[in-house]
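Text of target14.txt, listed as compact mmCIF, C-alpha atoms and all ligand atoms:
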# COMPACT_ATOMS: atom_id res chain seq x y z
CA MET A 1 -12.70 -11.01 6.33
CA ASP A 2 -15.75 -10.99 4.05
CA SER A 3 -16.87 -7.66 5.46
CA CYS A 4 -13.89 -5.87 3.97
CA HIS A 5 -14.17 -7.33 0.51
CA ALA A 6 -14.28 -4.99 -2.40
CA ASN A 7 -17.64 -6.37 -3.48
CA ASP A 8 -19.46 -4.74 -0.58
CA PHE A 9 -17.78 -1.41 -0.92
CA PHE A 10 -18.17 -1.37 -4.67
CA ALA A 11 -21.88 -2.05 -4.59
CA MET A 12 -22.93 1.17 -6.33
CA ASP A 13 -25.60 2.60 -8.53
CA ASN A 14 -24.87 4.59 -11.68
CA THR A 15 -24.34 7.88 -9.83
CA GLN A 16 -21.24 6.61 -8.05
CA ALA A 17 -17.90 5.56 -9.49
CA ILE A 18 -14.37 4.61 -8.47
CA VAL A 19 -11.30 6.68 -9.30
CA VAL A 20 -8.99 4.54 -11.42
CA LYS A 21 -6.37 7.09 -12.36
CA HIS A 22 -5.39 10.64 -11.56
CA THR A 23 -3.11 12.80 -13.68
CA GLY A 24 -2.94 16.52 -13.01
CA SER A 25 -6.48 17.85 -12.93
CA HIS A 26 -7.94 14.89 -14.78
CA TYR A 27 -9.40 11.73 -13.41
CA LEU A 28 -10.45 8.48 -14.95
CA LEU A 29 -13.50 6.86 -13.38
CA THR A 30 -15.39 3.63 -13.75
CA VAL A 31 -18.62 2.26 -12.43
CA LEU A 32 -18.15 -1.20 -10.98
CA PRO A 33 -18.46 -4.07 -11.56
CA GLN A 34 -18.34 -2.81 -15.17
CA TRP A 35 -15.01 -1.42 -16.34
CA ASN A 36 -16.20 1.51 -18.46
CA LEU A 37 -13.45 4.10 -18.04
CA PHE A 38 -14.44 7.71 -18.63
CA PRO A 39 -12.84 11.10 -17.84
CA ALA A 40 -13.91 13.44 -15.07
CA VAL A 41 -12.94 16.73 -13.47
CA LEU A 42 -13.63 18.10 -10.00
CA ARG A 43 -16.55 20.39 -9.33
CA GLY A 44 -14.93 23.51 -7.86
CA ARG A 45 -12.83 22.80 -4.83
CA ILE A 46 -13.70 19.64 -3.00
CA ARG A 47 -11.78 19.54 0.25
CA GLN A 48 -12.07 17.17 3.11
CA LYS A 49 -12.32 19.18 6.30
CA GLY A 50 -9.01 19.51 8.16
CA SER A 51 -7.16 17.61 5.48
CA THR A 52 -3.62 18.71 4.70
CA SER A 53 -3.43 16.55 1.63
CA THR A 54 -2.58 18.08 -1.72
CA ASN A 55 -5.06 15.89 -3.54
CA PRO A 56 -8.68 15.92 -2.43
CA VAL A 57 -9.50 12.90 -4.58
CA ALA A 58 -7.27 9.81 -4.86
CA VAL A 59 -7.14 6.54 -6.75
CA GLY A 60 -9.52 4.10 -5.08
CA ASP A 61 -11.90 6.82 -3.93
CA LYS A 62 -15.59 6.23 -4.37
CA VAL A 63 -17.17 9.43 -5.70
CA ASP A 64 -20.55 10.89 -6.63
CA PHE A 65 -20.55 12.13 -10.17
CA SER A 66 -22.77 13.69 -12.80
CA LEU A 67 -22.59 13.20 -16.54
CA PRO A 68 -22.57 16.05 -19.07
CA GLU A 69 -26.02 17.23 -20.27
CA GLY A 70 -27.78 14.70 -22.42
CA ARG A 71 -25.16 11.95 -21.98
CA ASN A 72 -25.59 8.39 -20.81
CA LEU A 73 -22.97 6.16 -19.26
CA THR A 74 -22.94 4.12 -22.44
CA ASP A 75 -21.85 7.26 -24.40
CA MET A 76 -18.83 7.77 -22.21
CA LEU A 77 -15.45 6.52 -23.45
CA PRO A 78 -11.98 7.04 -22.00
CA ASP A 79 -11.27 9.77 -24.57
CA THR A 80 -14.69 11.45 -24.51
CA GLU A 81 -14.08 15.20 -24.75
CA ASN A 82 -16.83 16.26 -22.41
CA PRO A 83 -15.81 14.95 -18.99
CA ALA A 84 -18.10 13.97 -16.14
CA VAL A 85 -17.98 16.02 -12.97
CA ILE A 86 -17.01 14.67 -9.55
CA ASP A 87 -19.47 16.13 -7.05
CA GLY A 88 -18.15 14.64 -3.83
CA VAL A 89 -16.07 11.93 -2.18
CA ILE A 90 -17.63 9.13 -0.14
CA PRO A 91 -15.92 8.84 3.27
CA ARG A 92 -12.86 6.58 2.98
CA ARG A 93 -12.57 3.27 4.79
CA ASN A 94 -8.80 3.82 4.91
CA TYR A 95 -6.03 5.41 2.89
CA VAL A 96 -2.28 5.60 2.68
CA ILE A 97 -0.32 8.83 2.39
CA ARG A 98 3.18 10.02 1.89
CA ARG A 99 4.72 13.38 2.68
CA SER A 100 4.68 15.72 -0.31
CA ALA A 101 8.30 16.73 0.26
CA ASN A 102 10.88 16.60 2.99
CA LEU A 103 9.86 18.57 6.07
CA SER A 104 6.59 19.43 4.42
CA ARG A 105 3.47 19.43 6.52
CA GLN A 106 1.48 18.54 3.46
CA SER A 107 0.73 14.99 2.55
CA HIS A 108 -0.33 13.24 -0.56
CA ILE A 109 -2.90 10.47 -0.59
CA ILE A 110 -1.52 7.56 -2.57
CA ALA A 111 -4.62 5.41 -2.54
CA ALA A 112 -7.88 4.91 -0.67
CA ASN A 113 -10.19 2.04 0.31
CA ILE A 114 -7.60 -0.71 0.24
CA ASP A 115 -8.41 -4.28 1.28
CA MET A 116 -4.87 -5.58 1.40
CA ALA A 117 -1.34 -4.31 0.90
CA PHE A 118 1.15 -6.59 -0.84
CA ILE A 119 4.70 -5.63 0.02
CA ILE A 120 6.97 -7.03 -2.65
CA VAL A 121 10.58 -7.75 -1.80
CA THR A 122 13.46 -9.90 -3.00
CA ILE A 123 16.15 -11.38 -0.83
CA ASP A 124 18.97 -10.13 -3.01
CA PHE A 125 17.86 -8.47 -6.27
CA PRO A 126 17.72 -5.80 -4.77
CA GLU A 127 18.54 -6.83 -1.24
CA VAL A 128 15.63 -6.48 1.17
CA LYS A 129 16.25 -4.04 4.01
CA LEU A 130 14.34 -5.41 6.97
CA PRO A 131 14.03 -2.10 8.90
CA PHE A 132 12.51 -0.57 5.78
CA LEU A 133 10.07 -3.47 5.32
CA ASP A 134 9.14 -3.26 9.01
CA ARG A 135 8.44 0.43 8.64
CA ILE A 136 5.98 -0.30 5.83
CA LEU A 137 4.35 -3.05 7.88
CA VAL A 138 3.97 -0.67 10.84
CA THR A 139 2.38 1.85 8.50
CA CYS A 140 -0.10 -0.81 7.34
CA GLU A 141 -0.97 -1.60 10.95
CA ILE A 142 -1.52 2.09 11.69
CA TYR A 143 -3.84 2.39 8.72
CA GLY A 144 -5.60 -0.85 9.58
CA ILE A 145 -4.70 -2.47 6.26
CA PRO A 146 -3.88 -6.21 6.34
CA ALA A 147 -0.50 -6.87 4.76
CA THR A 148 0.96 -9.81 2.87
CA VAL A 149 4.68 -10.07 2.16
CA VAL A 150 5.53 -11.28 -1.34
CA LEU A 151 8.99 -12.70 -1.90
CA ASN A 152 9.62 -12.42 -5.66
CA LYS A 153 12.35 -13.75 -7.96
CA THR A 154 12.52 -17.13 -6.20
CA ASP A 155 13.91 -18.52 -9.48
CA LEU A 156 17.15 -16.66 -8.74
CA TYR A 157 17.69 -18.13 -5.29
CA GLY A 158 20.29 -20.81 -5.16
CA PRO A 159 21.55 -23.02 -2.33
CA GLU A 160 23.58 -20.06 -1.07
CA HIS A 161 20.33 -18.19 -0.38
CA ARG A 162 18.53 -21.02 1.35
CA GLU A 163 19.38 -19.99 4.88
CA ARG A 164 18.40 -16.38 4.34
CA VAL A 165 15.13 -17.35 2.67
CA GLU A 166 14.26 -19.64 5.57
CA ALA A 167 15.20 -16.99 8.12
CA PHE A 168 13.06 -14.48 6.24
CA HIS A 169 10.05 -16.82 6.31
CA ASP A 170 10.52 -17.44 10.02
CA ILE A 171 10.78 -13.76 10.86
CA TYR A 172 7.65 -12.64 9.02
CA ARG A 173 5.45 -15.69 9.47
CA GLY A 174 6.48 -15.60 13.11
CA ALA A 175 5.29 -11.99 13.29
CA GLY A 176 1.94 -13.10 11.87
CA TYR A 177 2.21 -12.01 8.24
CA PRO A 178 1.51 -14.33 5.32
CA VAL A 179 4.61 -14.72 3.12
CA LEU A 180 4.10 -15.80 -0.49
CA ASP A 181 7.04 -17.11 -2.51
CA VAL A 182 6.62 -16.21 -6.16
CA SER A 183 8.47 -15.80 -9.41
CA ALA A 184 7.10 -13.50 -12.08
CA ALA A 185 9.64 -15.09 -14.43
CA THR A 186 8.60 -18.75 -14.06
CA GLY A 187 5.05 -18.23 -12.78
CA ALA A 188 5.75 -20.16 -9.58
CA GLY A 189 3.36 -19.08 -6.83
CA VAL A 190 1.51 -16.70 -9.16
CA ALA A 191 -1.76 -18.69 -8.94
CA GLU A 192 -1.64 -18.34 -5.16
CA LEU A 193 -1.04 -14.61 -5.41
CA ARG A 194 -3.93 -14.36 -7.89
CA GLU A 195 -6.18 -16.10 -5.34
CA ALA A 196 -5.05 -13.68 -2.63
CA CYS A 197 -5.98 -10.72 -4.88
CA ARG A 198 -9.39 -12.05 -5.90
CA ASP A 199 -12.26 -9.69 -5.04
CA ARG A 200 -9.99 -7.31 -3.22
CA VAL A 201 -8.56 -3.87 -3.82
CA CYS A 202 -4.85 -4.53 -3.48
CA LEU A 203 -2.02 -2.09 -3.06
CA PHE A 204 1.27 -3.22 -4.58
CA SER A 205 4.21 -1.59 -2.88
CA GLY A 206 7.95 -2.14 -2.94
CA VAL A 207 11.13 -0.48 -4.04
CA SER A 208 11.81 -0.10 -7.72
CA GLY A 209 13.21 -3.22 -9.36
CA VAL A 210 11.61 -5.88 -7.16
CA GLY A 211 9.24 -6.85 -9.98
CA LYS A 212 5.92 -5.12 -9.28
CA SER A 213 5.15 -4.55 -12.95
CA SER A 214 6.32 -8.03 -13.91
CA LEU A 215 4.04 -9.55 -11.28
CA ILE A 216 1.02 -7.58 -12.45
CA LYS A 217 1.67 -8.82 -15.98
CA ALA A 218 2.09 -12.37 -14.70
CA LEU A 219 -1.23 -12.10 -12.84
CA ASP A 220 -2.97 -10.88 -15.98
CA PRO A 221 -1.04 -10.88 -19.27
CA SER A 222 -3.58 -8.52 -20.86
CA LEU A 223 -2.41 -5.68 -18.59
CA GLU A 224 0.29 -3.20 -19.58
CA PRO A 225 1.67 -1.70 -16.39
CA ARG A 226 4.33 0.93 -16.80
CA THR A 227 7.73 -0.60 -16.42
CA GLY A 228 10.95 1.03 -15.44
CA GLU A 229 11.69 3.80 -13.04
CA ILE A 230 9.81 7.03 -12.73
CA SER A 231 11.91 9.95 -11.65
CA GLN A 232 11.26 10.97 -8.07
CA SER A 233 11.55 14.61 -9.11
CA HIS A 234 8.14 14.31 -10.73
CA LEU A 235 6.72 13.40 -7.38
CA GLN A 236 7.87 16.42 -5.47
CA GLY A 237 6.98 20.05 -5.33
CA LYS A 238 3.67 21.79 -5.33
CA HIS A 239 2.23 20.67 -8.62
CA THR A 240 2.45 17.02 -7.93
CA THR A 241 1.56 14.71 -10.74
CA THR A 242 0.63 11.22 -9.75
CA PHE A 243 1.14 8.07 -11.70
CA TYR A 244 -0.81 5.72 -9.53
CA GLU A 245 -3.27 3.63 -11.37
CA MET A 246 -5.77 0.92 -10.61
CA TYR A 247 -5.81 -2.22 -12.76
CA ARG A 248 -8.54 -4.81 -12.99
CA LEU A 249 -7.49 -8.44 -12.95
CA ALA A 250 -9.40 -10.70 -15.33
CA SER A 251 -9.50 -13.25 -12.50
CA GLY A 252 -11.19 -10.73 -10.18
CA GLY A 253 -9.80 -8.04 -7.95
CA TYR A 254 -8.06 -4.73 -8.45
CA ILE A 255 -4.46 -3.67 -8.10
CA ILE A 256 -3.19 -0.21 -7.35
CA ASP A 257 0.40 0.02 -8.48
CA THR A 258 2.71 2.52 -6.79
CA PRO A 259 5.68 2.87 -9.14
CA GLY A 260 8.62 5.00 -8.16
CA ILE A 261 7.60 5.12 -4.53
CA ARG A 262 10.08 3.95 -1.96
CA GLY A 263 7.24 2.64 0.11
CA PHE A 264 4.63 4.83 1.63
CA GLY A 265 5.34 7.29 4.37
CA LEU A 266 5.06 6.87 8.05
CA VAL A 267 2.45 9.02 9.69
CA ASP A 268 3.06 10.64 13.05
CA VAL A 269 3.13 8.04 15.74
CA GLY A 270 4.18 8.63 19.33
CA LYS A 271 7.02 6.52 20.67
CA ASP A 272 4.70 4.94 23.23
CA GLU A 273 2.52 3.71 20.40
CA ILE A 274 5.05 2.07 18.11
CA ALA A 275 4.98 -1.29 19.89
CA LEU A 276 1.21 -1.46 19.36
CA TYR A 277 1.89 -1.83 15.65
CA PHE A 278 4.18 -4.83 16.01
CA PRO A 279 1.46 -7.50 16.35
CA GLU A 280 3.77 -10.05 17.98
CA MET A 281 4.82 -7.53 20.65
CA LEU A 282 1.28 -6.39 21.27
CA LYS A 283 0.35 -10.00 21.96
CA VAL A 284 2.73 -10.37 24.92
CA SER A 285 3.10 -6.78 26.19
CA GLY A 286 0.14 -7.24 28.54
CA ASN A 287 2.47 -9.37 30.66
CA CYS A 288 5.10 -6.65 31.11
CA ARG A 289 5.53 -5.74 34.78
CA PHE A 290 5.26 -2.02 34.06
CA ALA A 291 2.66 -0.20 32.01
CA PRO A 292 3.49 1.65 29.96
CA CYS A 293 6.65 -0.25 29.12
CA THR A 294 9.03 0.82 26.35
CA HIS A 295 10.39 -2.77 26.20
CA THR A 296 13.94 -1.48 26.45
CA HIS A 297 15.32 -1.24 30.01
CA GLU A 298 12.36 -2.17 32.24
CA PRO A 299 12.69 -5.19 34.51
CA GLY A 300 10.08 -7.89 34.01
CA CYS A 301 9.52 -6.95 30.36
CA ALA A 302 7.61 -9.71 28.57
CA VAL A 303 8.69 -8.48 25.14
CA LYS A 304 12.39 -8.67 25.99
CA ALA A 305 11.83 -12.12 27.48
CA ALA A 306 10.13 -13.21 24.25
CA VAL A 307 13.07 -11.90 22.22
CA GLU A 308 15.48 -13.77 24.45
CA ASP A 309 13.67 -17.09 24.10
CA GLY A 310 13.23 -16.58 20.34
CA ALA A 311 9.43 -16.17 20.26
CA ILE A 312 9.95 -12.66 18.88
CA SER A 313 12.63 -12.29 16.25
CA TYR A 314 15.68 -10.25 17.06
CA GLU A 315 15.45 -8.52 13.66
CA ARG A 316 11.93 -7.25 14.28
CA TYR A 317 12.89 -6.14 17.78
CA SER A 318 15.86 -4.19 16.49
CA SER A 319 13.64 -2.51 13.86
CA TYR A 320 11.44 -1.49 16.76
CA LEU A 321 14.42 -0.05 18.64
CA GLY A 322 15.49 1.83 15.51
CA MET A 323 12.06 3.39 15.12
CA LEU A 324 11.97 4.30 18.79
CA GLU A 325 15.31 6.04 18.50
CA GLU A 326 14.24 7.99 15.44
CA GLU A 327 11.06 9.16 17.13
CA GLN A 328 13.15 10.45 20.03
CA LYS A 329 15.52 12.26 17.72
CA TYR A 330 12.81 14.23 15.97
CA ARG A 331 10.79 15.17 19.01
P1 LIG B 401 9.29 -2.86 -10.68
O1 LIG B 401 10.22 -1.69 -10.73
O2 LIG B 401 9.04 -3.29 -9.28
O3 LIG B 401 8.03 -2.66 -11.46
O4 LIG B 401 10.09 -4.08 -11.34
P2 LIG B 401 10.00 -4.69 -12.82
O5 LIG B 401 8.77 -5.50 -12.98
O6 LIG B 401 10.23 -3.59 -13.81
O7 LIG B 401 11.24 -5.72 -12.79
C1 LIG B 401 12.57 -5.29 -12.59
C2 LIG B 401 13.50 -6.29 -13.26
O8 LIG B 401 13.43 -7.55 -12.59
C3 LIG B 401 13.16 -6.56 -14.71
O9 LIG B 401 14.37 -6.72 -15.42
C4 LIG B 401 12.40 -7.87 -14.66
O10 LIG B 401 12.52 -8.64 -15.84
C5 LIG B 401 13.09 -8.58 -13.51
N1 LIG B 401 12.21 -9.54 -12.81
C6 LIG B 401 10.96 -9.30 -12.32
N2 LIG B 401 10.46 -10.40 -11.74
C7 LIG B 401 11.40 -11.38 -11.86
C8 LIG B 401 11.49 -12.76 -11.43
O11 LIG B 401 10.57 -13.34 -10.81
N3 LIG B 401 12.64 -13.42 -11.72
C9 LIG B 401 13.67 -12.85 -12.39
N4 LIG B 401 14.76 -13.58 -12.64
N5 LIG B 401 13.62 -11.55 -12.80
C10 LIG B 401 12.52 -10.83 -12.54
ZN ZN B 402 7.87 -4.51 28.05

Let me see the file written as structure tokens.
Ligand code: GDP
Ligand code: ZN
Amino acid sequence: MDSCHANDFFAMDNTQAIVVKHTGSHYLLTVLPQWNLFPAVLRGRIRQKGSTSTNPVAVGDKVDFSLPEGRNLTDMLPDTENPAVIDGVIPRRNYVIRRSANLSRQSHIIAANIDMAFIIVTIDFPEVKLPFLDRILVTCEIYGIPATVVLNKTDLYGPEHRERVEAFHDIYRGAGYPVLDVSAATGAGVAELREACRDRVCLFSGVSGVGKSSLIKALDPSLEPRTGEISQSHLQGKHTTTFYEMYRLASGGYIIDTPGIRGFGLVDVGKDEIALYFPEMLKVSGNCRFAPCTHTHEPGCAVKAAVEDGAISYERYSSYLGMLEEEQKYR
């Protein structure tokens, strides 16, 4: 785990910086471990070869930069008029994208160089949709980003929720994901979440209203994350403006908030591959009689056997079937 800690990646001299924010053609950079935000623009057109993304530089990117003539880093403030220039992007360890618009071939990089994704959900406020959560978890597996599920608003769960909360724990812990119970309102579990974020670049994802902004504030009261919904219409079309921003936690670690995003998009994945991204299925699929096995109709299927004896949850399996069906529909 140590090898993917932010500390290693963020070891940098004063010619490299991290992208903290991106709005239109302007970027905000900082050298780490300092937090000295200063503006920057791109030098000409930086494009990654073969990339279909609309933004060549994303939040979390590590970039080479040069300062304006005669300036030092110590002269640079967030509102300095003369911006620095981004000369190039250091190859990404990973990134997450979403499609720019429906049916579009273009994609938009939400964030790069992430150590861990925190998927924030609530049992009921709003109600968690398991197939949707599973889709995000599959996406994390595809990108090679470890994921932690955060169950927020535990203060609102009464005895009538107990069974569903326990079932939720069983499903996701059983699949191999850590599940943290927290409440931004009471602070319960927040210290644990803070520990999980320490020295990492963390992506916070979840549908609007689950409490992403409230949790960031609970983790570090000095932060002022945007609250409330951001219209999706801002996030479509050619001239996409992004609102993603990286925050530094006083306790250590960085959070990239993704407001207004209904989770990040699924990349193309063949139907034969989907089961590889359900860790609990991958673990037993070597024992299937046939290879490849779609784990649907084949005799001697170890995955189906595991579902039947309860080792794999029925909910996760039916998410898998749903994704399989959708892949077939669009191919
Ligand atoms: P975001 O859209 O994910 O950033 O969600 P917000 O942080 O804006 O929170 C949405 C609403 O849920 C706000 O009214 C918050 O006050 C409320 N909220 C957030 N966390 C909690 C919690 O742990 N308990 C309770 N009761 N309400 C919460
Ligand atoms: Zn099988």

Quick one: residues within 8 Å of range 248-251 of chain A, all atoms listed in the file counted, chain neighbours fewer than 6 positions away excluded, as a list in words?
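The neighbour list is Arg194, Arg198, Leu219 and Asp220 of chain A.
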
What residues have an atom no more than 12 Å from (0.6, -20.1, -3.9) in the file's own frame, counting only C-alpha atoms, and can you write them as a PyMOL selection string?
chain A and resi 150-152+178-183+187-197

I'd like to know which of A:Lys153, A:Arg289, A:His22, A:Lys271 is closest to ligand ZN 402 (chain B), using only C-alpha atoms and all ligand atoms.
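Once distances to ligand ZN 402 (chain B) are computed over only C-alpha atoms and all ligand atoms, the minimum belongs to A:Arg289.
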
Residue nearest Tyr177 in chain A among A:Ile256, A:Pro279, A:Phe132, A:Ala111 (counting all atoms listed in the file)
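Closest residue, counting all atoms listed in the file: A:Pro279.
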
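Of note, CA of Asp87 in chain A and CA of Tyr254 in chain A are spaced 23.8 Å apart.
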
Å distance separating CA of Val201 in chain A from CA of Val128 in chain A, one decimal place:
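Result for CA of Val201 in chain A versus CA of Val128 in chain A: 24.8 Å, one decimal.
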
Nearest to Leu203 in chain A: which of A:Ala184, A:Val96, A:Ile312, A:Ile171 is it, counting all atoms listed in the file?
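The closest residue to Leu203 in chain A is A:Val96.
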
Between chain A and ligand ZN 402 (chain B), at 12 Å or less, what are the per-residue closest atom pairs and their distances in Å? Count all atoms listed in the file, order by chain and rising residue number, and return it as a tab-separated table.
residue	atom	partner	partner_atom	distance
A:Asp272	CA	B:ZN402	ZN	11.1
A:Ala275	CA	B:ZN402	ZN	9.2
A:Leu276	CA	B:ZN402	ZN	11.4
A:Met281	CA	B:ZN402	ZN	8.6
A:Leu282	CA	B:ZN402	ZN	9.6
A:Lys283	CA	B:ZN402	ZN	11.1
A:Val284	CA	B:ZN402	ZN	8.4
A:Ser285	CA	B:ZN402	ZN	5.6
A:Gly286	CA	B:ZN402	ZN	8.2
A:Asn287	CA	B:ZN402	ZN	7.7
A:Cys288	CA	B:ZN402	ZN	4.6
A:Arg289	CA	B:ZN402	ZN	7.2
A:Phe290	CA	B:ZN402	ZN	7.0
A:Ala291	CA	B:ZN402	ZN	7.8
A:Pro292	CA	B:ZN402	ZN	7.8
A:Cys293	CA	B:ZN402	ZN	4.6
A:Thr294	CA	B:ZN402	ZN	5.7
A:His295	CA	B:ZN402	ZN	3.6
A:Thr296	CA	B:ZN402	ZN	7.0
A:His297	CA	B:ZN402	ZN	8.4
A:Glu298	CA	B:ZN402	ZN	6.6
A:Pro299	CA	B:ZN402	ZN	8.1
A:Gly300	CA	B:ZN402	ZN	7.2
A:Cys301	CA	B:ZN402	ZN	3.7
A:Ala302	CA	B:ZN402	ZN	5.2
A:Val303	CA	B:ZN402	ZN	5.0
A:Lys304	CA	B:ZN402	ZN	6.5
A:Ala305	CA	B:ZN402	ZN	8.6
A:Ala306	CA	B:ZN402	ZN	9.8
A:Val307	CA	B:ZN402	ZN	10.8
A:Tyr317	CA	B:ZN402	ZN	11.5

Listing only residues of chain A within 8 Å of ligand LIG 401 (chain B), what is the closest atom pair and its distance in Å (to one decimal) for each, using all atoms listed in the file, sorted by chain and residue number ascending, as a tab-separated table?
residue	atom	partner	partner_atom	distance
A:Ile120	CA	B:LIG401	O2	7.9
A:Phe125	CA	B:LIG401	O8	7.8
A:Asn152	CA	B:LIG401	O11	5.3
A:Lys153	CA	B:LIG401	O11	3.4
A:Thr154	CA	B:LIG401	O11	6.3
A:Asp155	CA	B:LIG401	N3	5.7
A:Leu156	CA	B:LIG401	N4	5.5
A:Val182	CA	B:LIG401	O11	6.7
A:Ser183	CA	B:LIG401	O11	3.5
A:Ala184	CA	B:LIG401	O11	3.7
A:Ala185	CA	B:LIG401	O11	4.1
A:Thr186	CA	B:LIG401	O11	6.6
A:Gly187	CA	B:LIG401	O11	7.6
A:Gly206	CA	B:LIG401	O2	6.5
A:Val207	CA	B:LIG401	O2	6.3
A:Ser208	CA	B:LIG401	O1	3.8
A:Gly209	CA	B:LIG401	O1	3.6
A:Val210	CA	B:LIG401	O2	4.2
A:Gly211	CA	B:LIG401	O4	3.2
A:Lys212	CA	B:LIG401	O2	3.6
A:Ser213	CA	B:LIG401	O5	3.7
A:Ser214	CA	B:LIG401	O5	3.6
A:Leu215	CA	B:LIG401	O5	6.5
A:Arg226	CA	B:LIG401	O3	7.4
A:Thr227	CA	B:LIG401	O6	4.7
A:Gly228	CA	B:LIG401	O6	5.0
A:Glu229	CA	B:LIG401	O1	6.1
A:Pro259	CA	B:LIG401	O3	6.4
A:Gly260	CA	B:LIG401	O1	7.3

State, in Å with one decimal place, the distance from CA of Val31 in chain A to CA of Ala147 in chain A.
26.6 Å

Measuring atom to atom with all atoms listed in the file, identify which of A:Val121, A:Val57, A:Ala311, A:Leu137 is nearest to Asp170 in chain A.
A:Ala311

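Every protein or nucleic acid residue with an atom no more than 9 Å from Met76 in chain A, counting only C-alpha atoms and leaving out same-chain residues fewer than 2 positions away, appears here: Asn36, Leu37, Phe38, Pro39, Leu67, Arg71, Asn72, Leu73, Thr74, Pro78, Asp79, Thr80, Asn82, Pro83 and Ala84 of chain A.
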
Is it possible to produce a file of range 142-176 of chain A from this structure, with C-alpha atoms, as an mmCIF file, in the first residue's frame?
data_model
loop_
_atom_site.group_PDB
_atom_site.id
_atom_site.type_symbol
_atom_site.label_atom_id
_atom_site.label_comp_id
_atom_site.auth_asym_id
_atom_site.auth_seq_id
_atom_site.Cartn_x
_atom_site.Cartn_y
_atom_site.Cartn_z
ATOM 1 C CA ILE A 142 -11.091 -1.131 -14.189
ATOM 2 C CA TYR A 143 -9.030 1.934 -13.365
ATOM 3 C CA GLY A 144 -7.109 0.103 -10.662
ATOM 4 C CA ILE A 145 -8.234 2.493 -7.933
ATOM 5 C CA PRO A 146 -8.927 0.972 -4.496
ATOM 6 C CA ALA A 147 -12.414 1.888 -3.307
ATOM 7 C CA THR A 148 -13.931 2.427 0.126
ATOM 8 C CA VAL A 149 -17.689 2.660 0.615
ATOM 9 C CA VAL A 150 -18.793 5.373 3.027
ATOM 10 C CA LEU A 151 -22.240 5.066 4.551
ATOM 11 C CA ASN A 152 -23.195 8.588 5.679
ATOM 12 C CA LYS A 153 -26.066 9.982 7.758
ATOM 13 C CA THR A 154 -25.982 7.099 10.249
ATOM 14 C CA ASP A 155 -27.605 9.496 12.745
ATOM 15 C CA LEU A 156 -30.823 9.203 10.739
ATOM 16 C CA TYR A 157 -31.022 5.422 10.819
ATOM 17 C CA GLY A 158 -33.526 4.088 13.262
ATOM 18 C CA PRO A 159 -34.472 0.539 14.262
ATOM 19 C CA GLU A 160 -36.486 0.283 11.046
ATOM 20 C CA HIS A 161 -33.246 0.625 9.059
ATOM 21 C CA ARG A 162 -31.218 -1.856 11.054
ATOM 22 C CA GLU A 163 -31.804 -4.826 8.785
ATOM 23 C CA ARG A 164 -30.979 -2.905 5.639
ATOM 24 C CA VAL A 165 -27.835 -1.426 7.170
ATOM 25 C CA GLU A 166 -26.651 -4.873 8.226
ATOM 26 C CA ALA A 167 -27.455 -6.348 4.814
ATOM 27 C CA PHE A 168 -25.561 -3.485 3.182
ATOM 28 C CA HIS A 169 -22.488 -4.149 5.346
ATOM 29 C CA ASP A 170 -22.628 -7.857 4.545
ATOM 30 C CA ILE A 171 -22.919 -7.299 0.810
ATOM 31 C CA TYR A 172 -19.995 -4.904 0.461
ATOM 32 C CA ARG A 173 -17.676 -6.244 3.138
ATOM 33 C CA GLY A 174 -18.400 -9.672 1.709
ATOM 34 C CA ALA A 175 -17.302 -8.409 -1.712
ATOM 35 C CA GLY A 176 -14.051 -7.202 -0.147
#
